[in-house]
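Structure file target_12.cif (mmCIF, C-alpha atoms) follows.
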```
data_final
#
loop_
_atom_site.label_atom_id
_atom_site.label_comp_id
_atom_site.auth_asym_id
_atom_site.auth_seq_id
_atom_site.Cartn_x
_atom_site.Cartn_y
_atom_site.Cartn_z
CA MET A 1 -68.35 50.65 25.18
CA THR A 2 -67.20 49.75 28.68
CA LEU A 3 -63.63 50.86 29.24
CA ALA A 4 -61.14 48.76 31.17
CA ARG A 5 -59.77 50.87 34.03
CA LEU A 6 -56.07 50.90 34.84
CA SER A 7 -54.46 52.87 37.65
CA VAL A 8 -51.14 54.46 36.72
CA ALA A 9 -48.86 56.29 39.16
CA PHE A 10 -46.83 59.32 38.16
CA ILE A 11 -44.58 61.97 39.65
CA PRO A 12 -45.43 65.59 38.67
CA LEU A 13 -42.81 66.12 35.99
CA THR A 14 -42.87 67.31 32.41
CA ASP A 15 -41.93 63.84 31.17
CA ALA A 16 -45.14 62.35 32.60
CA VAL A 17 -46.88 63.96 29.63
CA PRO A 18 -47.15 60.81 27.45
CA LEU A 19 -49.34 59.23 30.13
CA ILE A 20 -51.31 62.42 30.72
CA ALA A 21 -51.84 62.91 26.99
CA ALA A 22 -52.89 59.28 26.60
CA ALA A 23 -55.56 59.84 29.25
CA GLU A 24 -56.66 63.33 28.21
CA MET A 25 -56.40 63.28 24.40
CA GLY A 26 -58.35 60.09 23.69
CA PHE A 27 -55.50 57.68 22.93
CA ALA A 28 -56.38 55.43 25.87
CA GLN A 29 -60.05 55.47 24.94
CA GLU A 30 -59.14 54.37 21.41
CA GLU A 31 -57.68 51.25 23.02
CA GLY A 32 -60.69 50.68 25.25
CA LEU A 33 -58.95 51.97 28.37
CA ALA A 34 -59.63 54.52 31.07
CA LEU A 35 -56.44 55.58 32.84
CA ASP A 36 -56.77 56.64 36.46
CA LEU A 37 -53.64 58.74 37.00
CA VAL A 38 -52.42 58.73 40.59
CA ARG A 39 -50.02 61.50 41.62
CA ALA A 40 -47.34 60.11 43.96
CA PRO A 41 -45.40 62.30 46.43
CA SER A 42 -41.99 60.68 45.91
CA TRP A 43 -40.20 58.08 43.85
CA SER A 44 -39.93 55.66 46.77
CA SER A 45 -43.68 55.78 47.34
CA LEU A 46 -44.36 55.39 43.61
CA ARG A 47 -42.03 52.38 43.38
CA ASP A 48 -43.74 50.75 46.34
CA MET A 49 -47.21 51.44 44.91
CA LEU A 50 -46.20 49.55 41.79
CA ALA A 51 -44.28 46.77 43.50
CA PHE A 52 -47.06 45.96 45.98
CA GLY A 53 -49.93 46.16 43.52
CA ALA A 54 -51.56 49.46 44.49
CA VAL A 55 -51.39 50.48 40.81
CA GLU A 56 -51.09 48.48 37.61
CA ALA A 57 -48.47 50.66 35.89
CA ALA A 58 -46.17 53.58 36.55
CA HIS A 59 -44.12 56.43 35.14
CA LEU A 60 -40.78 55.24 36.50
CA LEU A 61 -37.13 56.27 36.56
CA ALA A 62 -35.28 54.17 33.99
CA PRO A 63 -32.68 52.83 36.49
CA VAL A 64 -35.30 51.54 38.97
CA PRO A 65 -36.21 48.33 37.07
CA VAL A 66 -32.48 47.73 36.67
CA ALA A 67 -31.84 48.18 40.39
CA MET A 68 -34.74 45.90 41.24
CA SER A 69 -33.40 43.25 38.86
CA LEU A 70 -30.11 43.38 40.78
CA GLY A 71 -31.86 42.98 44.12
CA ILE A 72 -30.83 46.39 45.42
CA GLY A 73 -33.03 49.10 46.88
CA GLY A 74 -34.92 47.07 49.45
CA VAL A 75 -37.91 45.88 47.39
CA ALA A 76 -37.86 42.29 46.16
CA SER A 77 -40.14 42.48 43.14
CA GLU A 78 -39.75 41.94 39.41
CA VAL A 79 -40.64 44.99 37.35
CA SER A 80 -40.51 45.30 33.56
CA ALA A 81 -39.81 48.44 31.54
CA LEU A 82 -42.24 48.04 28.64
CA MET A 83 -41.05 51.10 26.74
CA ALA A 84 -39.32 54.41 27.29
CA LEU A 85 -41.51 57.42 27.98
CA SER A 86 -38.80 60.03 27.46
CA VAL A 87 -35.17 60.70 26.64
CA ASN A 88 -33.29 63.54 28.35
CA GLY A 89 -35.29 66.32 30.04
CA THR A 90 -33.13 66.97 33.12
CA VAL A 91 -31.11 69.98 34.27
CA VAL A 92 -28.12 70.50 36.54
CA GLY A 93 -28.58 73.59 38.68
CA VAL A 94 -26.60 75.34 41.39
CA SER A 95 -27.27 77.87 44.13
CA ASN A 96 -26.71 81.49 43.18
CA ALA A 97 -23.73 81.64 45.53
CA LEU A 98 -22.11 78.65 43.85
CA ALA A 99 -22.97 80.11 40.43
CA ALA A 100 -20.93 83.21 41.32
CA GLU A 101 -17.98 81.02 42.34
CA LEU A 102 -18.22 79.06 39.11
CA GLN A 103 -18.20 82.21 37.02
CA GLY A 104 -15.03 83.20 38.85
CA ALA A 105 -13.57 79.79 38.00
CA GLY A 106 -14.31 80.28 34.30
CA ALA A 107 -17.63 78.50 33.83
CA SER A 108 -19.47 79.91 30.82
CA PHE A 109 -22.95 78.51 31.53
CA ASP A 110 -23.18 77.93 27.79
CA PHE A 111 -25.26 74.73 28.25
CA THR A 112 -22.98 72.68 25.98
CA ASP A 113 -19.59 72.11 27.61
CA ALA A 114 -19.97 69.65 30.48
CA ALA A 115 -16.20 69.13 30.69
CA ALA A 116 -15.54 72.83 31.33
CA ALA A 117 -18.40 73.04 33.85
CA GLY A 118 -17.01 70.02 35.69
CA ARG A 119 -13.52 71.54 35.83
CA ALA A 120 -14.97 74.77 37.21
CA LEU A 121 -16.81 72.84 39.94
CA ALA A 122 -13.61 71.04 40.88
CA GLN A 123 -11.72 74.33 41.09
CA THR A 124 -14.10 75.71 43.73
CA GLY A 125 -12.69 73.22 46.22
CA ARG A 126 -16.12 72.67 47.73
CA ALA A 127 -17.33 69.41 49.22
CA LEU A 128 -20.56 69.52 47.26
CA ARG A 129 -23.98 68.61 48.59
CA VAL A 130 -26.00 67.55 45.56
CA GLY A 131 -29.71 66.78 45.41
CA VAL A 132 -31.11 64.00 43.22
CA PRO A 133 -34.69 62.72 43.13
CA PHE A 134 -33.83 59.10 44.00
CA PRO A 135 -30.69 57.00 44.58
CA PHE A 136 -31.52 54.89 41.51
CA SER A 137 -32.19 57.59 38.94
CA MET A 138 -30.62 58.73 35.70
CA GLN A 139 -29.95 62.03 37.43
CA ALA A 140 -27.77 60.22 39.98
CA GLU A 141 -26.04 58.13 37.31
CA LEU A 142 -25.27 61.17 35.15
CA LEU A 143 -23.90 63.06 38.14
CA TYR A 144 -21.70 60.21 39.30
CA TYR A 145 -20.37 59.68 35.77
CA TRP A 146 -19.76 63.37 35.05
CA LEU A 147 -18.33 64.44 38.38
CA ALA A 148 -16.04 61.42 38.77
CA ALA A 149 -14.59 62.18 35.33
CA SER A 150 -14.19 65.81 36.43
CA GLY A 151 -12.15 64.90 39.51
CA LEU A 152 -15.01 64.92 42.02
CA PRO A 153 -15.69 61.27 42.86
CA ALA A 154 -18.29 60.16 45.41
CA PRO A 155 -18.19 59.85 48.35
CA GLN A 156 -14.91 61.74 48.80
CA SER A 157 -15.89 64.96 47.05
CA LEU A 158 -19.65 65.09 47.22
CA THR A 159 -22.62 64.14 49.34
CA VAL A 160 -25.65 63.01 47.37
CA ARG A 161 -29.01 63.65 49.01
CA THR A 162 -32.45 62.42 47.97
CA VAL A 163 -35.00 65.21 47.47
CA PRO A 164 -38.43 64.73 45.82
CA PRO A 165 -38.49 66.75 42.57
CA PRO A 166 -41.16 69.28 43.64
CA LEU A 167 -39.12 70.06 46.78
CA MET A 168 -35.77 70.62 45.05
CA ALA A 169 -36.13 74.41 44.87
CA ASP A 170 -37.08 74.50 48.56
CA ALA A 171 -34.01 72.44 49.51
CA LEU A 172 -31.80 74.85 47.58
CA ALA A 173 -33.46 77.87 49.18
CA ALA A 174 -32.99 76.38 52.66
CA GLY A 175 -29.28 75.83 52.05
CA GLU A 176 -29.62 72.06 52.39
CA ILE A 177 -27.96 71.44 49.01
CA ASP A 178 -25.49 73.36 46.84
CA ALA A 179 -26.56 71.85 43.52
CA PHE A 180 -29.04 69.44 42.01
CA CYS A 181 -29.91 67.35 39.00
CA VAL A 182 -33.65 67.10 38.47
CA GLY A 183 -36.26 66.72 35.78
CA GLU A 184 -38.09 69.77 34.56
CA PRO A 185 -39.96 71.88 35.45
CA TRP A 186 -38.43 71.81 38.93
CA GLY A 187 -35.07 73.23 37.86
CA SER A 188 -36.91 76.14 36.26
CA LYS A 189 -38.94 76.49 39.45
CA SER A 190 -35.69 77.10 41.38
CA VAL A 191 -34.84 79.90 38.94
CA GLU A 192 -38.33 81.42 39.25
CA SER A 193 -38.00 81.25 43.04
CA GLY A 194 -34.85 83.36 42.80
CA PHE A 195 -32.50 80.84 44.44
CA GLY A 196 -31.08 78.79 41.57
CA THR A 197 -29.09 79.05 38.35
CA LEU A 198 -29.13 76.38 35.64
CA LEU A 199 -25.66 75.16 34.71
CA LEU A 200 -26.23 72.36 32.20
CA PRO A 201 -28.90 70.20 30.63
CA GLY A 202 -28.48 66.50 31.34
CA LYS A 203 -28.06 65.92 27.61
CA ALA A 204 -24.72 67.78 27.75
CA ILE A 205 -23.45 64.80 29.78
CA TRP A 206 -25.13 62.06 27.72
CA SER A 207 -27.00 63.32 24.69
CA PHE A 208 -29.45 60.39 24.50
CA ALA A 209 -30.00 59.29 28.09
CA PRO A 210 -33.12 57.22 28.83
CA GLU A 211 -35.04 59.09 31.50
CA LYS A 212 -38.44 57.55 32.30
CA VAL A 213 -40.04 54.25 31.37
CA LEU A 214 -43.53 52.79 31.41
CA ALA A 215 -43.25 50.03 33.99
CA VAL A 216 -45.46 47.20 35.21
CA ARG A 217 -44.95 44.21 37.44
CA THR A 218 -43.50 41.42 35.33
CA GLY A 219 -46.12 38.94 36.48
CA TRP A 220 -48.93 41.37 35.65
CA ALA A 221 -47.66 41.76 32.08
CA GLU A 222 -47.58 37.99 31.65
CA GLU A 223 -51.07 37.52 33.09
CA ASN A 224 -52.62 40.46 31.23
CA ALA A 225 -51.11 40.37 27.76
CA ASP A 226 -54.08 42.07 26.09
CA LEU A 227 -54.22 44.94 28.58
CA THR A 228 -50.44 45.31 28.37
CA GLY A 229 -50.62 45.70 24.61
CA ARG A 230 -53.50 48.18 24.78
CA LEU A 231 -51.69 50.30 27.36
CA MET A 232 -48.49 50.30 25.32
CA ARG A 233 -50.32 51.30 22.14
CA ALA A 234 -52.09 54.16 23.90
CA VAL A 235 -48.83 55.54 25.28
CA TRP A 236 -47.01 54.98 21.97
CA LYS A 237 -49.68 57.01 20.15
CA ALA A 238 -49.38 59.79 22.73
CA GLY A 239 -45.60 59.88 22.31
CA ARG A 240 -45.97 60.02 18.53
CA TRP A 241 -48.46 62.89 18.89
CA LEU A 242 -46.00 64.77 21.07
CA GLY A 243 -43.01 64.05 18.85
CA THR A 244 -44.37 64.67 15.38
CA GLY A 245 -46.83 67.56 15.58
CA GLY A 246 -47.30 71.02 16.99
CA ALA A 247 -48.77 69.60 20.17
CA ARG A 248 -46.48 70.96 22.83
CA THR A 249 -48.45 74.11 23.66
CA THR A 250 -51.47 71.90 24.30
CA ALA A 251 -49.25 69.56 26.31
CA ALA A 252 -48.05 72.42 28.51
CA GLU A 253 -51.64 73.44 29.21
CA LEU A 254 -52.54 69.87 30.16
CA LEU A 255 -49.56 69.54 32.48
CA ALA A 256 -50.32 72.89 34.12
CA ARG A 257 -53.62 71.64 35.55
CA GLU A 258 -53.86 71.43 39.33
CA ARG A 259 -54.13 67.64 39.43
CA TYR A 260 -50.91 67.26 37.45
CA LEU A 261 -48.09 69.82 37.94
CA ASP A 262 -50.09 72.85 39.12
CA LEU A 263 -47.65 75.35 37.62
CA ALA A 264 -47.91 78.15 35.07
CA PRO A 265 -47.89 76.78 31.49
CA ASP A 266 -45.05 79.10 30.44
CA ILE A 267 -42.68 77.50 32.97
CA ILE A 268 -43.60 74.02 31.74
CA ASP A 269 -43.29 75.12 28.11
CA ARG A 270 -39.58 75.86 28.58
CA ALA A 271 -38.71 72.18 28.71
CA LEU A 272 -41.05 71.25 25.86
CA THR A 273 -39.55 73.89 23.55
CA GLY A 274 -35.95 73.61 24.79
CA ARG A 275 -35.71 77.34 25.50
CA LEU A 276 -34.79 77.64 29.16
CA VAL A 277 -34.37 80.64 31.43
CA ILE A 278 -31.17 79.97 33.38
CA ASN A 279 -31.09 82.69 36.03
CA ALA A 280 -33.04 85.42 37.77
CA ARG A 281 -31.70 87.98 35.27
CA GLY A 282 -33.72 86.27 32.56
CA GLU A 283 -30.82 84.92 30.47
CA THR A 284 -31.96 82.13 28.18
CA ARG A 285 -30.36 79.15 26.47
CA ASP A 286 -31.66 77.20 23.52
CA CYS A 287 -31.30 73.44 23.87
CA PRO A 288 -32.70 71.59 20.83
CA GLY A 289 -33.84 68.11 21.77
CA PHE A 290 -33.93 69.00 25.45
CA VAL A 291 -36.54 66.27 25.91
CA GLU A 292 -37.68 63.74 23.33
CA PHE A 293 -40.74 61.50 23.34
CA TYR A 294 -40.65 59.82 19.93
CA GLN A 295 -37.96 60.66 17.35
CA GLY A 296 -34.83 58.52 17.00
CA ALA A 297 -36.48 55.42 18.53
CA ALA A 298 -36.81 57.32 21.81
CA GLN A 299 -39.58 54.96 22.96
CA PHE A 300 -37.63 51.76 22.33
CA PRO A 301 -36.34 50.08 25.56
CA TRP A 302 -32.78 49.49 24.36
CA ARG A 303 -31.17 46.66 26.32
CA SER A 304 -27.80 48.35 25.86
CA GLN A 305 -29.10 51.26 27.92
CA ALA A 306 -30.08 48.87 30.70
CA ALA A 307 -26.61 47.30 30.46
CA TRP A 308 -24.92 50.72 30.77
CA ILE A 309 -26.94 51.55 33.87
CA ALA A 310 -26.12 48.16 35.38
CA ALA A 311 -22.42 48.52 34.61
CA GLN A 312 -22.36 51.89 36.39
CA MET A 313 -24.16 50.49 39.42
CA ALA A 314 -21.95 47.40 39.51
CA GLY A 315 -18.78 49.47 39.45
CA ARG A 316 -20.00 51.72 42.24
CA LEU A 317 -21.45 48.98 44.46
CA GLY A 318 -18.87 46.25 43.90
CA LEU A 319 -21.16 43.85 42.02
CA ASP A 320 -20.18 41.43 39.29
CA ALA A 321 -20.60 43.55 36.17
CA GLU A 322 -21.31 40.72 33.73
CA GLN A 323 -24.02 39.23 35.91
CA ALA A 324 -25.49 42.66 36.59
CA MET A 325 -25.74 43.50 32.89
CA ALA A 326 -27.31 40.13 32.08
CA SER A 327 -30.00 40.64 34.73
CA ALA A 328 -30.61 44.23 33.70
CA ARG A 329 -31.14 43.36 30.05
CA GLN A 330 -34.12 41.21 30.98
CA SER A 331 -35.87 44.13 32.66
CA PHE A 332 -36.04 46.19 29.43
CA ARG A 333 -38.69 44.33 27.45
CA THR A 334 -37.80 44.69 23.82
CA ASP A 335 -39.72 41.45 23.21
CA LEU A 336 -43.01 42.99 24.37
CA TYR A 337 -42.31 46.21 22.50
CA ARG A 338 -41.84 44.27 19.26
CA ARG A 339 -44.87 42.05 19.89
CA HIS A 340 -47.35 44.78 20.74
CA LEU A 341 -46.13 47.84 18.85
CA GLY A 342 -44.77 46.36 15.63
CA PRO A 343 -48.29 45.57 14.34
CA ALA A 344 -49.41 49.06 15.41
CA GLY A 345 -46.88 50.67 13.06
CA ALA A 346 -43.89 51.38 15.29
CA ILE A 347 -40.57 51.39 13.45
CA LEU A 348 -38.61 48.54 15.02
CA PRO A 349 -34.81 48.57 15.16
CA GLY A 350 -33.11 45.59 13.58
CA ALA A 351 -31.29 44.88 16.86
CA SER A 352 -32.18 45.33 20.52
CA GLU A 353 -28.75 46.63 21.52
CA LYS A 354 -26.33 49.18 20.15
CA THR A 355 -23.13 50.84 21.23
CA GLU A 356 -23.94 53.80 23.46
CA GLY A 357 -22.08 57.05 22.90
CA GLY A 358 -20.95 56.29 19.37
CA ILE A 359 -23.29 58.37 17.20
CA ALA A 360 -22.03 61.87 16.38
CA GLU A 361 -24.98 62.87 14.18
CA GLY A 362 -28.20 61.47 12.76
CA THR A 363 -27.51 58.00 11.35
CA ALA A 364 -29.71 55.60 9.40
CA VAL A 365 -29.72 52.08 10.85
CA SER A 366 -31.33 48.79 9.92
CA SER A 367 -34.96 48.37 10.88
CA GLU A 368 -37.62 45.72 10.44
CA SER A 369 -39.90 48.21 8.68
CA GLY A 370 -39.80 51.86 7.75
CA ARG A 371 -36.75 54.12 7.89
CA LEU A 372 -35.08 54.61 11.23
CA ILE A 373 -32.74 57.52 11.91
CA LEU A 374 -30.97 57.44 15.26
CA THR A 375 -30.13 60.88 16.61
CA GLN A 376 -26.88 61.96 18.24
CA ASN A 377 -25.78 59.68 21.09
CA ARG A 378 -22.59 60.96 22.74
CA PHE A 379 -21.05 61.04 26.19
CA PHE A 380 -19.42 64.34 27.13
CA ASP A 381 -15.98 62.72 27.51
CA GLY A 382 -16.08 60.84 24.20
CA ARG A 383 -16.31 57.36 25.70
CA VAL A 384 -18.19 54.63 23.88
CA PHE A 385 -19.95 51.83 25.76
CA ASP A 386 -19.93 48.44 24.02
CA PRO A 387 -22.59 46.28 25.70
CA ALA A 388 -20.97 43.12 24.36
CA ARG A 389 -17.80 43.91 26.26
CA GLY A 390 -19.32 45.82 29.15
CA ILE A 391 -16.93 48.78 28.68
#
```
Kindly transcribe the structure held in the file into structure tokens.
Amino acid sequence: MTLARLSVAFIPLTDAVPLIAAAEMGFAQEEGLALDLVRAPSWSSLRDMLAFGAVEAAHLLAPVPVAMSLGIGGVASEVSALMALSVNGTVVGVSNALAAELQGAGASFDFTDAAAAGRALAQTGRALRVGVPFPFSMQAELLYYWLAASGLPAPQSLTVRTVPPPLMADALAAGEIDAFCVGEPWGSKSVESGFGTLLLPGKAIWSFAPEKVLAVRTGWAEENADLTGRLMRAVWKAGRWLGTGGARTTAAELLARERYLDLAPDIIDRALTGRLVINARGETRDCPGFVEFYQGAAQFPWRSQAAWIAAQMAGRLGLDAEQAMASARQSFRTDLYRRHLGPAGAILPGASEKTEGGIAEGTAVSSESGRLILTQNRFFDGRVFDPARGI
């Protein structure tokens, strides 16, 4: 059988594993595809590769299709998020010097209390320099949300700098930043390098934050419906394999290969198991659900998540929030998810939006088929986002 070849760009991160597993474990071949995975050096280069047609699909930060739908970021192109690749999977880290100050201010580094960690940061009195992988990233959105609520609004109290994920540890070591929010394994790399201490997982700020999406140009999806469906099914199967079996040791070994992350498997395994080493002394924290690829409808591109991202951007950039949310909703393609993955066996939610932040524990919700349990979905400050009202 002749396989249809698709080029797919990725950034070397743990949450690229659904694409890597689809290519390496036979899921793409089952759909008659050969995936040529292209490692990009930065998020800006990856976005441009997708926007200008150098690749057919990409592992993309969830806020990027939203930003592009709002016409911000400098690239005028329509991009669709076909499905989520991952939920959570990020860490907030600080320099060792700042970690010592935070301990003096009462921070416990317990990995659960974002409010207390935010108060401790505010008490240091520092004008923080914080690294994020891209201006339009969930890392940036979580930081802005968390630190503003903690009394450290941008731009008055912090400077946000863009640093490619693999270079985050180097930026910390060089004293260019005081703190960061980045996807694993690059937070753990800063600990292994001896310069960083992990303060929080991103899920302590929002416990069910969409992190990466599978994205294509909107026109390409319309012109290549069959290929779009085959690609989505391959990635969906890979996510199910990751989320329902004992596959994560194998996944760590795949990711460790030179052409992907080129790191020791045990460092990568920390994110996949949720057992993270937080400092050079070897202290560990357990974080169940640190990253999720399948359970709780993690792959579904909820339009309410797109609306939340758009509302945050609109408030920060002075845009009309209602218009921004309407545009953003169209970039998360629940219609294509239902069309292509429903017949494949995906459990489809009964609705394409939900309140964000309102689920304290696992909750059964209506679905078109099967039984769907949504996992905890809480913001650290107890707020609830109603997409119908935009607040």
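Distances to Ala4 (chain A) were evaluated for A:Ala21, A:Val75, A:Val160, A:Ala28 using only C-alpha atoms, and the minimum falls at A:Ala28.
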Take CA of Ala280 (chain A) and CA of Ala99 (chain A) and report the distance between them in Å, one decimal. 11.7 Å
For the interface of region 61-133 of chain A with region 200-214 of chain A (cut-off 9 Å, counting only C-alpha atoms), please tabulate each contacting residue of region 61-133 of chain A alongside its nearest pair of atoms and their separation in Å to one decimal, rows sorted by chain and increasing number, as a tab-separated table.
```
residue	atom	partner	partner_atom	distance
A:Leu61	CA	A:Lys212	CA	4.6
A:Ala62	CA	A:Lys212	CA	4.9
A:Pro63	CA	A:Glu211	CA	8.3
A:Ser80	CA	A:Leu214	CA	8.4
A:Ala81	CA	A:Leu214	CA	5.7
A:Leu82	CA	A:Leu214	CA	5.6
A:Met83	CA	A:Leu214	CA	5.6
A:Ala84	CA	A:Val213	CA	4.1
A:Leu85	CA	A:Val213	CA	4.9
A:Ser86	CA	A:Lys212	CA	5.5
A:Val87	CA	A:Pro210	CA	4.6
A:Asn88	CA	A:Ala209	CA	5.4
A:Gly89	CA	A:Gly202	CA	6.9
A:Thr90	CA	A:Gly202	CA	5.0
A:Val91	CA	A:Pro201	CA	4.3
A:Val92	CA	A:Leu200	CA	5.1
A:Gly93	CA	A:Leu200	CA	7.0
A:Phe109	CA	A:Leu200	CA	7.0
A:Asp110	CA	A:Leu200	CA	7.7
A:Phe111	CA	A:Leu200	CA	4.7
A:Thr112	CA	A:Ala204	CA	5.5
A:Asp113	CA	A:Ala204	CA	6.7
A:Ala114	CA	A:Ala204	CA	5.8
A:Ala115	CA	A:Ile205	CA	8.5
A:Ala117	CA	A:Leu200	CA	8.0
```
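When only C-alpha atoms are used to measure the gap to Val182 (chain A), the shortest distance among A:Thr14, A:Thr218, A:Gln299, A:Ser331 belongs to A:Thr14.
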Phe379 (chain A) proximity check over A:Arg230, A:Gly194, A:Leu147, A:Leu142, using only C-alpha atoms: winner is A:Leu142
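Selection result for the displayed file, with the PyMOL selection byres ((chain A and resi 358) around 7) as criterion, is Thr355, Glu356, Gly357, Ile359, Ala360, Asn377, Arg378 and Val384 of chain A.
Closest to Leu167 (chain A) among A:Gly26, A:Pro12, A:Gly243, A:Ser327 is A:Pro12, based on only C-alpha atoms.
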re CA of Leu348 (chain A) and CA of Glu368 (chain A): distance 5.5 Å
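Shortest atom-to-atom contact with Pro133 (chain A) among A:Gly118, A:Pro164, A:Gly245, A:Gly53: A:Pro164, counting all atoms listed in the file.
Interatomic distance, CA of Glu283 (chain A) to CA of Lys189 (chain A): 14.8 Å.
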If the PyMOL selection byres ((chain A and resi 255) around 9) is run on the structure shown, which residues does it catch, given as a PyMOL selection string? chain A and resi 12-14+16-17+20-21+250-254+256-263+265+268
Once you count all atoms listed in the file, what closest atom pair and distance in Å to one decimal does each residue of region 297-350 of chain A within 10 Å of region 71-74 of chain A have, with rows by chain and rising residue number, as JSON lines?
```
{"residue": "A:Met313", "atom": "CA", "partner": "A:Ile72", "partner_atom": "CA", "distance": 9.9}
{"residue": "A:Leu317", "atom": "CA", "partner": "A:Ile72", "partner_atom": "CA", "distance": 9.8}
{"residue": "A:Ala324", "atom": "CA", "partner": "A:Gly71", "partner_atom": "CA", "distance": 9.9}
{"residue": "A:Ser327", "atom": "CA", "partner": "A:Gly71", "partner_atom": "CA", "distance": 9.9}
```
May I have the selected residues written with C-alpha atoms, as a CSV table (one decimal), keeping the file's coordinate frame?
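Listing of result-v7.csv after writing:
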```csv
chain,number,residue,atom,x,y,z
A,313,MET,CA,-24.2,50.5,39.4
A,317,LEU,CA,-21.4,49.0,44.5
A,324,ALA,CA,-25.5,42.7,36.6
A,327,SER,CA,-30.0,40.6,34.7
```
Pull out every residue that the PyMOL selection byres ((chain A and resi 219-229) around 8) matches in the shown coordinates and put them as an MDAnalysis selection string. chainID A and resid 56 78 216:218 230:233 340:341
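The shell of residues at most 8 Å from Ala326 (chain A), with all atoms listed in the file counted and near chain neighbours (fewer than 4 positions) removed, consists of Ala307, Glu322 and Gln330 of chain A.
In terms of minimum interatomic distance to Leu46 (chain A), A:Ala215 ranks closest within A:Met168, A:Ala154, A:Ala306, A:Ala215, counting only C-alpha atoms.
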In the coordinates of the file, take the point (-26.2, 76.7, 38.2) and a cut-off of 7 Å; then, counting all atoms listed in the file, name each qualifying protein, DNA or RNA residue as a CSV table (one decimal) with C-alpha atoms, in the frame of the given file.
```
chain,number,residue,atom,x,y,z
A,92,VAL,CA,-28.1,70.5,36.5
A,93,GLY,CA,-28.6,73.6,38.7
A,94,VAL,CA,-26.6,75.3,41.4
A,95,SER,CA,-27.3,77.9,44.1
A,96,ASN,CA,-26.7,81.5,43.2
A,99,ALA,CA,-23.0,80.1,40.4
A,196,GLY,CA,-31.1,78.8,41.6
A,197,THR,CA,-29.1,79.0,38.4
A,198,LEU,CA,-29.1,76.4,35.6
A,199,LEU,CA,-25.7,75.2,34.7
```
Produce the centre coordinates and the three edge lengths, each in Å to one decimal, of the box along x, y and z that contains all listed atoms of region 242-253 of chain A with 8 Å added on each side, as JSON.
```
{"center_x": -47.3, "center_y": 69.1, "center_z": 22.3, "size_x": 24.6, "size_y": 26.1, "size_z": 29.8}
```
(-16.6, 73.7, 36.8) in this file's frame - what residues fall within 9 Å of it? Use all atoms listed in the file and give the answer as a PyMOL selection string. chain A and resi 102-103+105-107+114-124+150
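If you count all atoms listed in the file and ignore residues fewer than 5 places along the chain from Trp186 (chain A), what sits within 7 Å of it is Pro165, Pro166, Met168 and Ala169 of chain A.
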Can you tell me which residues surround Thr334 (chain A) at a distance of at most 8 Å, considering only C-alpha atoms, apart from same-chain residues fewer than 4 positions away, and format the answer as a PyMOL selection string? chain A and resi 82-83+300-303+338+352
Just region 274-285 of chain A, please, as a PDB file, in the first residue's frame (only N, CA and C atoms).
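Output saved as out-v7.pdb:
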```pdb
ATOM      1  N   GLY A 274       4.030  12.171  36.325  1.00  0.00           N
ATOM      2  CA  GLY A 274       3.600  13.172  37.296  1.00  0.00           C
ATOM      3  C   GLY A 274       4.420  13.177  38.568  1.00  0.00           C
ATOM      4  N   ARG A 275       5.578  12.561  38.549  1.00  0.00           N
ATOM      5  CA  ARG A 275       6.476  12.589  39.716  1.00  0.00           C
ATOM      6  C   ARG A 275       7.691  13.424  39.340  1.00  0.00           C
ATOM      7  N   LEU A 276       7.727  14.657  39.805  1.00  0.00           N
ATOM      8  CA  LEU A 276       8.739  15.600  39.380  1.00  0.00           C
ATOM      9  C   LEU A 276       9.759  15.885  40.464  1.00  0.00           C
ATOM     10  N   VAL A 277      11.006  16.001  40.065  1.00  0.00           N
ATOM     11  CA  VAL A 277      12.079  16.447  40.949  1.00  0.00           C
ATOM     12  C   VAL A 277      12.086  17.967  40.897  1.00  0.00           C
ATOM     13  N   ILE A 278      11.975  18.629  42.073  1.00  0.00           N
ATOM     14  CA  ILE A 278      11.767  20.081  42.040  1.00  0.00           C
ATOM     15  C   ILE A 278      13.023  20.898  42.301  1.00  0.00           C
ATOM     16  N   ASN A 279      14.085  20.278  42.807  1.00  0.00           N
ATOM     17  CA  ASN A 279      15.293  21.069  43.074  1.00  0.00           C
ATOM     18  C   ASN A 279      16.524  20.180  43.032  1.00  0.00           C
ATOM     19  N   ALA A 280      17.684  20.829  43.134  1.00  0.00           N
ATOM     20  CA  ALA A 280      18.949  20.103  43.024  1.00  0.00           C
ATOM     21  C   ALA A 280      19.184  19.157  44.190  1.00  0.00           C
ATOM     22  N   ARG A 281      18.437  19.324  45.291  1.00  0.00           N
ATOM     23  CA  ARG A 281      18.552  18.409  46.436  1.00  0.00           C
ATOM     24  C   ARG A 281      17.799  17.109  46.213  1.00  0.00           C
ATOM     25  N   GLY A 282      17.057  17.026  45.123  1.00  0.00           N
ATOM     26  CA  GLY A 282      16.349  15.798  44.783  1.00  0.00           C
ATOM     27  C   GLY A 282      14.975  15.667  45.396  1.00  0.00           C
ATOM     28  N   GLU A 283      14.420  16.744  45.974  1.00  0.00           N
ATOM     29  CA  GLU A 283      13.058  16.678  46.504  1.00  0.00           C
ATOM     30  C   GLU A 283      12.083  16.422  45.359  1.00  0.00           C
ATOM     31  N   THR A 284      11.076  15.623  45.626  1.00  0.00           N
ATOM     32  CA  THR A 284      10.095  15.286  44.595  1.00  0.00           C
ATOM     33  C   THR A 284       8.699  15.705  45.016  1.00  0.00           C
ATOM     34  N   ARG A 285       7.846  15.872  44.020  1.00  0.00           N
ATOM     35  CA  ARG A 285       6.423  16.130  44.232  1.00  0.00           C
ATOM     36  C   ARG A 285       5.641  15.237  43.286  1.00  0.00           C
TER      37      ARG A 285
END
```
